[in-house]
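Participant: This is final.cif (mmCIF, C-alpha atoms and all ligand atoms).
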```cif
data_my_file
#
loop_
_atom_site.label_atom_id
_atom_site.label_comp_id
_atom_site.auth_asym_id
_atom_site.auth_seq_id
_atom_site.Cartn_x
_atom_site.Cartn_y
_atom_site.Cartn_z
CA MET I 224 46.07 82.84 225.58
CA THR I 225 46.49 81.03 222.31
CA SER I 226 44.05 78.49 221.03
CA GLU I 227 45.19 74.90 220.64
CA SER I 228 45.21 75.10 216.87
CA GLY I 229 46.71 78.61 216.84
CA ARG I 230 43.57 79.85 215.15
CA PRO I 231 40.76 81.82 216.84
CA LEU I 232 37.43 80.05 217.29
CA SER I 233 35.74 82.40 214.82
CA VAL I 234 38.23 81.33 212.18
CA ARG I 235 37.74 77.67 212.96
CA LEU I 236 33.97 78.14 212.85
CA ALA I 237 34.29 79.94 209.53
CA GLY I 238 35.90 76.80 208.21
CA ALA I 239 32.76 74.96 209.32
CA GLY I 240 30.50 77.42 207.51
CA VAL I 241 29.69 79.73 210.44
CA ASP I 242 30.56 83.30 209.42
CA ARG I 243 31.86 85.94 211.85
CA ARG I 244 28.56 87.82 211.83
CA SER I 245 26.79 84.68 213.07
CA PHE I 246 29.50 84.16 215.68
CA LEU I 247 29.10 87.70 217.05
CA LYS I 248 25.33 87.35 216.99
CA PHE I 249 25.68 84.16 219.02
CA CYS I 250 27.95 85.94 221.53
CA ALA I 251 25.40 88.76 221.94
CA GLY I 252 22.56 86.27 222.41
CA ILE I 253 24.39 84.16 224.96
CA THR I 254 25.42 87.29 226.88
CA ALA I 255 21.74 88.15 227.13
CA THR I 256 20.86 84.60 228.23
CA LEU I 257 23.46 84.93 230.99
CA ALA I 258 21.71 88.12 232.11
CA LEU I 259 24.98 90.01 231.62
CA PRO I 260 25.14 93.61 230.39
CA ALA I 261 25.22 93.85 226.60
CA GLN I 262 28.54 95.70 226.89
CA LEU I 263 30.16 92.42 227.91
CA ALA I 264 29.35 90.75 224.58
CA PRO I 265 32.70 91.80 223.03
CA ARG I 266 34.52 90.32 226.03
CA VAL I 267 32.61 87.07 225.58
CA ALA I 268 33.49 87.05 221.89
CA TYR I 269 37.16 87.72 222.59
CA ALA I 270 37.39 85.05 225.30
CA LEU I 271 35.71 82.42 223.13
CA ASP I 272 37.87 83.36 220.20
CA GLN I 273 41.06 82.78 222.18
CA ALA I 274 40.06 79.76 224.26
CA ASP I 275 41.22 76.25 223.64
CA PRO I 276 38.42 73.73 223.11
CA LEU I 277 37.29 72.58 226.54
CA PRO I 278 37.59 68.80 227.02
CA VAL I 279 34.23 67.32 227.98
CA ILE I 280 33.26 63.82 229.10
CA TRP I 281 29.50 63.20 228.90
CA LEU I 282 28.26 60.29 231.01
CA GLU I 283 24.82 58.72 230.80
CA PHE I 284 23.41 56.61 233.61
CA GLN I 285 19.72 56.15 234.50
CA ASP I 286 18.26 58.46 231.88
CA CYS I 287 16.06 58.62 228.81
CA ALA I 288 18.69 60.45 226.70
CA GLY I 289 16.34 63.44 226.63
CA ASP I 290 19.13 65.80 227.65
CA THR I 291 21.31 64.47 224.85
CA GLU I 292 18.39 65.06 222.49
CA ALA I 293 18.08 68.62 223.79
CA PHE I 294 21.83 69.14 223.35
CA LEU I 295 21.68 67.90 219.79
CA ARG I 296 18.98 70.48 219.12
CA SER I 297 20.77 73.46 220.64
CA ARG I 298 20.15 76.32 218.27
CA ASN I 299 23.09 78.54 217.49
CA PRO I 300 25.78 77.42 217.31
CA THR I 301 24.58 74.01 216.29
CA VAL I 302 25.90 71.00 218.15
CA GLY I 303 28.31 70.41 215.31
CA ASP I 304 29.69 73.92 215.73
CA LEU I 305 30.02 73.36 219.47
CA ILE I 306 31.93 70.14 219.01
CA LEU I 307 34.17 71.73 216.41
CA GLY I 308 34.67 74.91 218.35
CA MET I 309 34.08 75.60 222.01
CA ILE I 310 34.36 72.10 223.42
CA SER I 311 36.12 68.89 222.66
CA LEU I 312 33.50 66.22 223.28
CA ASP I 313 35.95 63.42 224.00
CA TYR I 314 33.46 60.88 225.29
CA HIS I 315 29.71 60.57 224.76
CA GLU I 316 28.30 57.08 224.44
CA THR I 317 25.29 58.10 222.36
CA VAL I 318 27.00 60.23 219.72
CA MET I 319 30.64 59.10 219.60
CA SER I 320 31.80 56.93 216.77
CA ALA I 321 34.39 55.05 218.83
CA ALA I 322 33.28 51.89 220.59
CA GLY I 323 34.60 49.34 223.07
CA GLU I 324 38.13 49.73 224.38
CA ALA I 325 38.88 52.67 222.07
CA ALA I 326 36.01 54.60 223.61
CA GLU I 327 37.09 53.78 227.16
CA LYS I 328 40.65 54.81 226.29
CA ALA I 329 39.46 58.20 224.98
CA ARG I 330 37.69 58.79 228.29
CA ASP I 331 40.65 57.63 230.39
CA ASP I 332 43.13 59.75 228.41
CA THR I 333 41.04 62.86 228.98
CA VAL I 334 40.80 62.13 232.71
CA ALA I 335 44.58 61.59 232.88
CA ARG I 336 45.19 65.05 231.36
CA GLY I 337 42.76 66.66 233.83
CA GLY I 338 41.08 70.06 233.63
CA HIS I 339 38.04 68.59 231.88
CA LEU I 340 34.34 69.08 232.44
CA VAL I 341 32.18 66.09 233.32
CA VAL I 342 28.61 66.36 232.08
CA VAL I 343 26.31 63.86 233.76
CA GLU I 344 22.89 62.81 232.49
CA GLY I 345 20.78 60.51 234.65
CA SER I 346 20.78 59.33 238.25
CA ILE I 347 23.12 56.80 239.84
CA PRO I 348 21.49 53.42 240.65
CA LEU I 349 23.35 52.57 243.84
CA GLY I 350 20.84 49.81 244.62
CA ILE I 351 21.70 47.72 241.52
CA PRO I 352 25.46 48.19 241.03
CA GLY I 353 25.85 44.98 239.02
CA SER I 354 22.90 45.64 236.71
CA CYS I 355 23.86 49.04 235.32
CA THR I 356 27.39 48.79 233.94
CA VAL I 357 29.46 50.08 231.02
CA GLY I 358 32.62 48.19 230.14
CA GLY I 359 32.10 46.06 233.25
CA GLN I 360 32.19 49.08 235.55
CA SER I 361 29.28 50.20 237.72
CA ALA I 362 27.81 53.67 237.24
CA GLU I 363 29.19 54.69 240.62
CA ASN I 364 32.75 53.63 239.75
CA ILE I 365 32.61 55.27 236.30
CA LEU I 366 31.46 58.53 237.87
CA ARG I 367 34.11 58.44 240.61
CA ASP I 368 36.85 57.79 238.07
CA ALA I 369 35.65 60.44 235.60
CA VAL I 370 35.66 63.34 238.08
CA ARG I 371 39.30 62.83 239.10
CA GLY I 372 41.15 66.02 238.17
CA ALA I 373 38.00 67.53 236.66
CA ALA I 374 37.47 71.29 236.58
CA GLY I 375 33.82 70.79 237.32
CA ILE I 376 30.64 68.77 236.93
CA ILE I 377 27.58 69.92 235.05
CA ASN I 378 24.53 67.83 235.83
CA VAL I 379 22.12 68.09 232.92
CA GLY I 380 18.51 67.30 233.69
CA THR I 381 16.67 66.70 236.93
CA CYS I 382 17.70 63.03 237.22
CA ALA I 383 21.41 63.79 237.61
CA ALA I 384 20.77 66.87 239.72
CA PHE I 385 18.03 65.62 242.05
CA GLY I 386 17.42 61.93 241.26
CA GLY I 387 14.44 62.71 239.04
CA ILE I 388 12.00 60.05 237.89
CA PRO I 389 14.25 57.06 238.76
CA ALA I 390 14.46 58.28 242.36
CA ALA I 391 10.70 58.76 242.68
CA GLY I 392 9.02 56.52 245.23
CA PRO I 393 9.43 53.62 245.69
CA ASN I 394 12.81 54.12 243.99
CA PRO I 395 13.42 50.42 243.17
CA THR I 396 16.97 51.01 241.88
CA GLY I 397 18.19 53.03 244.82
CA ALA I 398 18.72 55.99 242.51
CA VAL I 399 20.59 58.99 243.89
CA ARG I 400 21.77 62.31 242.52
CA VAL I 401 25.37 62.87 241.44
CA GLU I 402 26.20 64.98 244.51
CA ASP I 403 25.33 62.00 246.71
CA VAL I 404 28.21 60.08 245.12
CA VAL I 405 31.02 62.55 244.44
CA GLY I 406 32.20 65.79 246.02
CA GLY I 407 35.14 68.14 246.11
CA VAL I 408 34.52 69.37 242.56
CA PRO I 409 32.49 72.45 241.59
CA VAL I 410 28.99 71.37 240.58
CA VAL I 411 26.35 73.09 238.48
CA ASN I 412 22.86 71.67 238.33
CA LEU I 413 21.02 72.46 235.11
CA THR I 414 17.68 71.01 236.07
CA GLY I 415 14.72 70.41 233.82
CA CYS I 416 13.20 67.46 232.08
CA PRO I 417 15.00 67.86 229.77
CA VAL I 418 17.71 70.46 230.27
CA ASN I 419 17.39 73.59 228.19
CA ALA I 420 20.34 73.40 225.78
CA ASP I 421 20.67 77.19 225.70
CA ASN I 422 21.33 77.19 229.45
CA LEU I 423 23.97 74.49 228.99
CA THR I 424 25.62 76.49 226.22
CA ALA I 425 25.50 79.66 228.33
CA THR I 426 27.06 77.90 231.32
CA ILE I 427 29.94 76.62 229.20
CA VAL I 428 30.41 80.05 227.63
CA HIS I 429 30.52 81.63 231.09
CA TYR I 430 33.18 79.15 232.16
CA LEU I 431 35.27 79.80 229.05
CA THR I 432 34.90 83.57 229.39
CA PHE I 433 35.39 84.09 233.12
CA GLY I 434 37.16 80.87 234.18
CA GLU I 435 34.42 79.96 236.63
CA PHE I 436 30.82 78.85 236.75
CA PRO I 437 28.05 81.44 237.02
CA GLU I 438 26.56 82.44 240.36
CA LEU I 439 24.46 79.62 241.80
CA ASP I 440 21.36 79.36 243.98
CA GLY I 441 20.93 77.07 246.99
CA PHE I 442 20.38 74.08 244.72
CA SER I 443 23.57 74.73 242.72
CA ARG I 444 21.51 76.09 239.82
CA PRO I 445 22.74 79.17 237.92
CA ARG I 446 20.79 82.22 238.97
CA PHE I 447 20.68 83.49 235.39
CA ALA I 448 18.47 80.53 234.54
CA TYR I 449 16.70 79.76 237.83
CA GLY I 450 16.52 83.16 239.52
CA GLU I 451 12.90 83.80 238.68
CA ARG I 452 9.75 81.77 238.93
CA ILE I 453 7.92 80.64 235.83
CA HIS I 454 4.94 82.52 237.22
CA ASP I 455 6.82 85.84 237.37
CA THR I 456 7.57 86.02 233.66
CA CYS I 457 4.76 83.87 232.24
CA GLN I 458 2.93 85.25 229.23
CA ARG I 459 -0.38 84.29 230.90
CA ARG I 460 0.41 86.15 234.11
CA GLY I 461 -1.88 89.02 233.20
CA HIS I 462 -4.78 86.58 233.11
CA PHE I 463 -3.83 85.25 236.55
CA ASP I 464 -3.84 88.78 237.92
CA ALA I 465 -7.15 89.44 236.21
CA GLY I 466 -8.69 86.26 237.61
CA GLN I 467 -9.11 84.70 234.17
CA PHE I 468 -8.57 80.94 234.39
CA ALA I 469 -9.07 78.00 232.04
CA GLU I 470 -11.31 75.60 233.95
CA LYS I 471 -11.30 72.66 231.53
CA TRP I 472 -9.09 71.60 228.65
CA GLY I 473 -10.49 73.10 225.48
CA ASP I 474 -12.94 75.45 227.17
CA GLU I 475 -13.21 79.09 226.17
CA GLY I 476 -10.61 80.20 228.70
CA HIS I 477 -8.15 77.59 227.46
CA ARG I 478 -8.72 78.60 223.85
CA ASN I 479 -8.27 82.25 224.80
CA GLY I 480 -4.90 81.59 226.41
CA TRP I 481 -5.99 82.24 229.98
CA CYS I 482 -4.07 81.13 233.05
CA LEU I 483 -3.67 77.36 233.57
CA TYR I 484 -3.37 77.44 237.35
CA ARG I 485 -6.67 75.65 237.89
CA LEU I 486 -5.60 72.93 235.45
CA GLY I 487 -2.61 72.16 237.61
CA CYS I 488 0.07 74.61 236.46
CA LYS I 489 2.99 74.54 238.91
CA GLY I 490 4.47 77.79 237.60
CA PRO I 491 3.96 79.55 240.95
CA SER I 492 6.23 76.95 242.58
CA THR I 493 8.87 76.54 239.88
CA PHE I 494 12.06 78.43 239.13
CA HIS I 495 13.26 78.37 235.52
CA ASN I 496 13.71 80.73 232.57
CA CYS I 497 11.47 78.73 230.21
CA PRO I 498 9.19 81.71 229.38
CA SER I 499 12.09 83.80 228.07
CA VAL I 500 14.56 81.25 226.64
CA ARG I 501 11.98 78.70 225.48
CA PHE I 502 12.88 75.46 223.67
CA ASN I 503 13.67 74.26 220.17
CA GLY I 504 15.37 77.41 219.00
CA GLY I 505 13.05 79.66 220.97
CA THR I 506 9.98 78.23 219.29
CA SER I 507 7.80 77.53 222.29
CA TRP I 508 7.54 76.30 225.87
CA PRO I 509 4.93 74.26 227.77
CA VAL I 510 2.59 77.06 228.83
CA ALA I 511 2.73 78.69 225.39
CA ALA I 512 1.72 75.31 223.95
CA GLY I 513 -1.34 75.26 226.21
CA HIS I 514 -0.05 72.92 228.93
CA GLY I 515 0.69 73.91 232.48
CA CYS I 516 4.18 73.76 233.91
CA VAL I 517 4.67 70.47 235.79
CA GLY I 518 7.55 71.80 237.85
CA CYS I 519 10.16 69.61 236.18
CA SER I 520 13.12 71.68 237.38
CA GLU I 521 12.34 71.43 241.09
CA PRO I 522 13.68 68.87 243.61
CA GLY I 523 11.52 65.75 243.82
CA PHE I 524 9.19 67.04 241.14
CA TRP I 525 7.82 63.64 240.20
CA ASP I 526 6.66 62.94 243.78
CA ASN I 527 5.89 66.47 244.87
CA MET I 528 4.32 67.94 241.75
CA SER I 529 2.06 65.07 240.69
CA PRO I 530 -0.77 64.58 239.90
CA PHE I 531 0.12 67.05 237.21
CA TYR I 532 -3.43 68.05 236.34
CA ASP I 533 -4.65 68.85 239.83
CA ARG I 534 -4.10 72.00 241.75
CA LEU I 535 -1.68 71.25 244.51
CA PRO I 536 -2.27 73.88 247.14
CA HIS I 537 0.05 72.16 249.59
CA VAL I 538 3.02 71.49 247.33
CA ALA I 539 6.30 72.30 249.03
CA THR I 540 8.43 74.86 247.22
CA SER I 541 12.13 75.56 246.92
CA GLY I 542 13.66 76.87 250.08
CA PHE I 543 10.51 78.23 251.61
CA ASP I 544 7.48 76.53 253.01
CA LEU I 545 4.60 78.12 251.17
CA THR I 546 1.79 76.55 249.24
CA ALA I 547 0.99 77.47 245.66
CA ASP I 548 -2.18 79.24 246.78
CA GLN I 549 -0.32 81.16 249.43
CA ILE I 550 2.26 82.17 246.83
CA GLY I 551 -0.49 83.38 244.54
CA ILE I 552 -1.97 85.34 247.40
CA GLY I 553 1.46 86.61 248.39
CA VAL I 554 2.25 87.80 244.89
CA LEU I 555 -0.99 89.68 244.62
CA ALA I 556 -0.64 91.11 248.08
CA ALA I 557 2.99 92.03 247.41
CA THR I 558 2.03 93.80 244.21
CA ALA I 559 -0.58 95.73 246.15
CA THR I 560 1.59 96.60 249.12
CA GLY I 561 4.92 96.92 247.36
CA PHE I 562 7.04 94.29 249.10
CA ALA I 563 8.32 90.91 247.96
CA SER I 564 6.56 87.85 249.35
CA HIS I 565 9.76 85.77 249.49
CA GLY I 566 13.50 86.19 249.27
CA VAL I 567 14.30 83.91 246.35
CA GLY I 568 12.52 85.08 243.24
CA LYS I 569 11.89 88.54 241.91
CA VAL I 570 8.31 89.73 241.97
CA VAL I 571 7.39 91.42 238.75
CA GLN I 572 5.54 94.68 239.28
CA HIS I 573 2.34 94.73 237.29
CA LYS I 574 0.41 97.84 236.46
CA VAL I 575 -2.88 96.74 237.92
CA ALA I 576 -4.97 99.00 240.11
CA ALA I 577 -4.17 98.44 243.78
CA ARG I 578 -7.80 98.20 244.76
CA ARG I 579 -8.43 95.43 242.26
CA GLU I 580 -5.36 93.52 243.43
CA LYS I 581 -6.35 93.80 247.08
CA LYS I 582 -9.79 92.50 246.19
CA ALA I 583 -8.31 89.57 244.24
CA ALA I 584 -5.89 88.77 247.07
CA ALA I 585 -8.74 88.83 249.57
CA GLU I 586 -10.78 86.52 247.36
CA LEU I 587 -7.87 84.10 247.01
CA ALA I 588 -7.30 84.15 250.76
CA GLU I 589 -10.98 83.53 251.39
CA ARG I 590 -11.07 80.63 248.96
CA ALA I 591 -7.86 79.14 250.34
CA ASP I 592 -9.33 79.27 253.85
CA SER I 593 -12.51 77.67 252.57
CA GLU I 594 -10.65 74.89 250.76
CA GLU I 595 -8.55 74.19 253.81
CA GLU I 596 -11.71 73.86 255.87
CA THR I 597 -13.20 71.54 253.25
CA GLU I 598 -10.11 69.37 253.29
CA ASN I 599 -10.32 69.20 257.06
CA GLY I 600 -13.88 67.97 256.71
CA SER I 601 -15.32 70.95 258.51
CA ALA I 602 -16.40 73.21 255.65
CA SER I 603 -20.08 73.96 255.47
CA ALA I 604 -21.93 73.40 252.20
CA GLY I 605 -21.70 76.29 249.77
CA ALA I 606 -19.11 78.26 251.69
CA GLY I 607 -16.56 80.10 249.43
CA GLY I 608 -16.88 77.62 246.55
CA GLU I 609 -14.61 77.19 243.50
CA GLU I 610 -17.15 78.86 241.26
CA THR I 611 -17.01 82.14 243.16
CA GLY I 612 -14.13 84.52 243.45
CA GLU I 613 -11.70 84.68 240.53
CA THR I 614 -13.97 83.66 237.67
CA ARG I 615 -15.25 86.67 235.84
FE1 LIG L 1 1.43 81.15 233.87
FE2 LIG L 1 0.94 78.97 235.29
FE3 LIG L 1 1.35 81.29 236.55
FE4 LIG L 1 -0.91 80.87 235.16
S1 LIG L 1 -0.24 79.77 237.05
S2 LIG L 1 0.34 82.72 235.10
S3 LIG L 1 -0.18 79.62 233.41
S4 LIG L 1 2.84 80.17 235.33
FE1 LIG L 2 9.67 72.19 233.06
FE2 LIG L 2 7.80 73.92 233.75
FE3 LIG L 2 9.74 74.68 232.16
S1 LIG L 2 7.50 71.77 233.21
S2 LIG L 2 10.24 72.82 231.02
S3 LIG L 2 9.97 74.02 234.31
S4 LIG L 2 7.61 75.29 232.01
#
```
Just give me the structure as structure tokens.
Facilitator:
Amino acid sequence: MTSESGRPLSVRLAGAGVDRRSFLKFCAGITATLALPAQLAPRVAYALDQADPLPVIWLEFQDCAGDTEAFLRSRNPTVGDLILGMISLDYHETVMSAAGEAAEKARDDTVARGGHLVVVEGSIPLGIPGSCTVGGQSAENILRDAVRGAAGIINVGTCAAFGGIPAAGPNPTGAVRVEDVVGGVPVVNLTGCPVNADNLTATIVHYLTFGEFPELDGFSRPRFAYGERIHDTCQRRGHFDAGQFAEKWGDEGHRNGWCLYRLGCKGPSTFHNCPSVRFNGGTSWPVAAGHGCVGCSEPGFWDNMSPFYDRLPHVATSGFDLTADQIGIGVLAATATGFASHGVGKVVQHKVAARREKKAAAELAERADSEEETENGSASAGAGGEETGETR
């Protein structure tokens, strides 16, 4: 395969000030993000070097442009390197210099050639077709036209993938996800509010290297990014296992970096690689910053995961009907008994004494039973209260 310009990507990037060492370092990093063996890094480098820039049309509908902001802050290569190298960003309303008919023509020309990727940001407002238009076309029509002949669709952010905030009740605009409008084209959902730009980069690299999208889960999310729960790889997990919880914002437990579960963290119900990939060039992520996960990468998160600062013991989770408390109990019990509590995520084995884990699991189970009784209005005063059990 010969690149469009006849020059390898590394050479083109060198012309943009990115030396070969940085290029190879990027290839090694992205191979790790994709959870591929390190031995495949040279193959990734070779494939990227030889590939033609991939034509990309980026559409924005009902969104806040947060995913575009995340994309613009992708770390290495920078967005400028990406545009110059791996992809040809032929249409993006927020960042393109063309306007009016010239912009629409650029989009239409790319669609006519086919083989492009369509990146979608935002939900589709089917309930107000005449109120959300670009160039006189409704969002629905623009989307239908753009995916003709496309190699695939990448939905960036939870709004495009699941409807997100616009689709939250009472959903006044009739917002729907992309897959409710178009089909017949491979779809990848990169959920999150916003998308993690490293996961977007990795997905594109996988496509350029192997000619297909990475393996997906039941919600069309790449397993490399959504195969584990936040809770399984969280830096505060040891405190959860030890029963050390922040009870109030700014209390000693919060200042000490203890688990945020009692302050509403939805990590036990959320699948995403935030703890390992992080944001803003790997600087930080919500829990590291002292704020619980709000479950932004899960279906219906705005309705199902709020209020964000309350424990939600009855929140529904992806693909299995367990509550957050039951998951916590299941994880502890699974660690103690050596089997996984569900078939979706991987349970991390922690080196905690089995007796202590069994005791903690029993305490969680006892408290969950007590809270359920309280919620049913039948709990007796003082039975299995919040102040007993996990707090040391
Ligand atoms: Fe981390 Fe939240 Fe799990 Fe606590 S509940 S260990 S803060 S993901
Ligand atoms: Fe979202 Fe939770 Fe990650 S809120 S960004 S899935 S830590």
Participant: Taking all atoms listed in the file into account, list the residues no farther than 6 Å from ligand LIG 1 (chain L), as a PyMOL selection string.
Facilitator: chain I and resi 453-454+457+459-460+463+482-484+488+490-491+510+515
Participant: Please save C-alpha atoms of the selected residues as a PDB file, in the frame of the given file.
Facilitator:
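Final output, result-v3.pdb:
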```pdb
ATOM      1  CA  ILE I 453       7.920  80.640 235.830  1.00  0.00           C
ATOM      2  CA  HIS I 454       4.940  82.520 237.220  1.00  0.00           C
ATOM      3  CA  CYS I 457       4.760  83.870 232.240  1.00  0.00           C
ATOM      4  CA  ARG I 459      -0.380  84.290 230.900  1.00  0.00           C
ATOM      5  CA  ARG I 460       0.410  86.150 234.110  1.00  0.00           C
ATOM      6  CA  PHE I 463      -3.830  85.250 236.550  1.00  0.00           C
ATOM      7  CA  CYS I 482      -4.070  81.130 233.050  1.00  0.00           C
ATOM      8  CA  LEU I 483      -3.670  77.360 233.570  1.00  0.00           C
ATOM      9  CA  TYR I 484      -3.370  77.440 237.350  1.00  0.00           C
ATOM     10  CA  CYS I 488       0.070  74.610 236.460  1.00  0.00           C
ATOM     11  CA  GLY I 490       4.470  77.790 237.600  1.00  0.00           C
ATOM     12  CA  PRO I 491       3.960  79.550 240.950  1.00  0.00           C
ATOM     13  CA  VAL I 510       2.590  77.060 228.830  1.00  0.00           C
ATOM     14  CA  GLY I 515       0.690  73.910 232.480  1.00  0.00           C
TER      15      GLY I 515
END
```
Participant: Would you be able to write out as an mmCIF file with C-alpha atoms, keeping the file's coordinate frame which residues have an atom within 12 Å of (42.7, 61.0, 230.1) in the file's coordinates, counting all atoms listed in the file?
Facilitator:
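Contents of the output file out16.cif:
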```
data_model
loop_
_atom_site.group_PDB
_atom_site.id
_atom_site.type_symbol
_atom_site.label_atom_id
_atom_site.label_comp_id
_atom_site.auth_asym_id
_atom_site.auth_seq_id
_atom_site.Cartn_x
_atom_site.Cartn_y
_atom_site.Cartn_z
ATOM 1 C CA PRO I 278 37.590 68.800 227.020
ATOM 2 C CA VAL I 279 34.230 67.320 227.980
ATOM 3 C CA ILE I 280 33.260 63.820 229.100
ATOM 4 C CA ASP I 313 35.950 63.420 224.000
ATOM 5 C CA TYR I 314 33.460 60.880 225.290
ATOM 6 C CA ALA I 326 36.010 54.600 223.610
ATOM 7 C CA GLU I 327 37.090 53.780 227.160
ATOM 8 C CA LYS I 328 40.650 54.810 226.290
ATOM 9 C CA ALA I 329 39.460 58.200 224.980
ATOM 10 C CA ARG I 330 37.690 58.790 228.290
ATOM 11 C CA ASP I 331 40.650 57.630 230.390
ATOM 12 C CA ASP I 332 43.130 59.750 228.410
ATOM 13 C CA THR I 333 41.040 62.860 228.980
ATOM 14 C CA VAL I 334 40.800 62.130 232.710
ATOM 15 C CA ALA I 335 44.580 61.590 232.880
ATOM 16 C CA ARG I 336 45.190 65.050 231.360
ATOM 17 C CA GLY I 337 42.760 66.660 233.830
ATOM 18 C CA GLY I 338 41.080 70.060 233.630
ATOM 19 C CA HIS I 339 38.040 68.590 231.880
ATOM 20 C CA LEU I 340 34.340 69.080 232.440
ATOM 21 C CA ASP I 368 36.850 57.790 238.070
ATOM 22 C CA ALA I 369 35.650 60.440 235.600
ATOM 23 C CA VAL I 370 35.660 63.340 238.080
ATOM 24 C CA ARG I 371 39.300 62.830 239.100
ATOM 25 C CA GLY I 372 41.150 66.020 238.170
ATOM 26 C CA ALA I 373 38.000 67.530 236.660
#
```
Participant: If you count only C-alpha atoms and all ligand atoms, which residues end up within 9 Å of ligand LIG 2 (chain L), as a PyMOL selection string?
Facilitator: chain I and resi 414-419+453+488-490+493-498+501-502+508-511+514-521
Participant: For I:Val379, find every residue with an atom within 7 Å (counting all atoms listed in the file), except residues of its own chain fewer than 5 positions away, and show them as a PyMOL selection string.
Facilitator: chain I and resi 290+342-344+412-414+418
Participant: Could you list, as a ChimeraX atom specification, every residue within 10 Å of I:Ser346, counting all atoms listed in the file and ignoring same-chain residues fewer than 4 positions away?
Facilitator: /I:283-286,362-363,378,380-390,396-401,403
Participant: Can you tell me, as a list in words, what residues are no more than 7 Å from I:Pro276 when counting all atoms listed in the file, ignoring any on the same chain fewer than 6 positions away?
Facilitator: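 Counting only the stated atoms, we get Gly308, Met309, Ile310 and Ser311 of chain I.
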Participant: Would you compute the distance between atom CA of I:Lys471 and atom CA of I:Gly523? Give it in Å to one decimal.
Facilitator: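 According to the coordinates, atom CA of I:Lys471 and atom CA of I:Gly523 are separated by 26.8 Å.
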Participant: So how many Å separate atom CA of I:Glu451 and atom CA of I:Gly466, to one decimal?
Facilitator: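 For atom CA of I:Glu451 relative to atom CA of I:Gly466, the distance reads 21.8 Å.
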Participant: Between I:Gly473, I:Ala512, I:Glu435, I:Asn394, which is the closest to I:Gln458 once you count all atoms listed in the file?
Facilitator: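 Comparing I:Gly473, I:Ala512, I:Glu435, I:Asn394 against I:Gln458, the winner is I:Ala512.
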Participant: I'd like to know which of I:Leu312, I:Ser499, I:Gly358, I:Gly487 is closest to I:Arg534, using all atoms listed in the file.
Facilitator: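 Looking only at the distances to I:Arg534, the closest residue turns out to be I:Gly487.
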Participant: So which one's closest to I:Ser297, I:Val500, I:Ala258, I:Ala420, I:Ile427? Using all atoms listed in the file, please.
Facilitator: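 Smallest separation from I:Ser297 among the options: I:Ala420.
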Participant: Mind pulling up the distance from atom CA of I:Pro437 to atom CA of I:Ile377?
Facilitator: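 Value for the atom CA of I:Ile377-atom CA of I:Pro437 distance: 11.7 Å.
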Participant: Taking into account only C-alpha atoms, which residue in the set I:Leu486, I:Ile347, I:Ala239, I:Ala469 is nearest to I:Phe531?
Facilitator: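 Result for the nearest residue to I:Phe531: I:Leu486.
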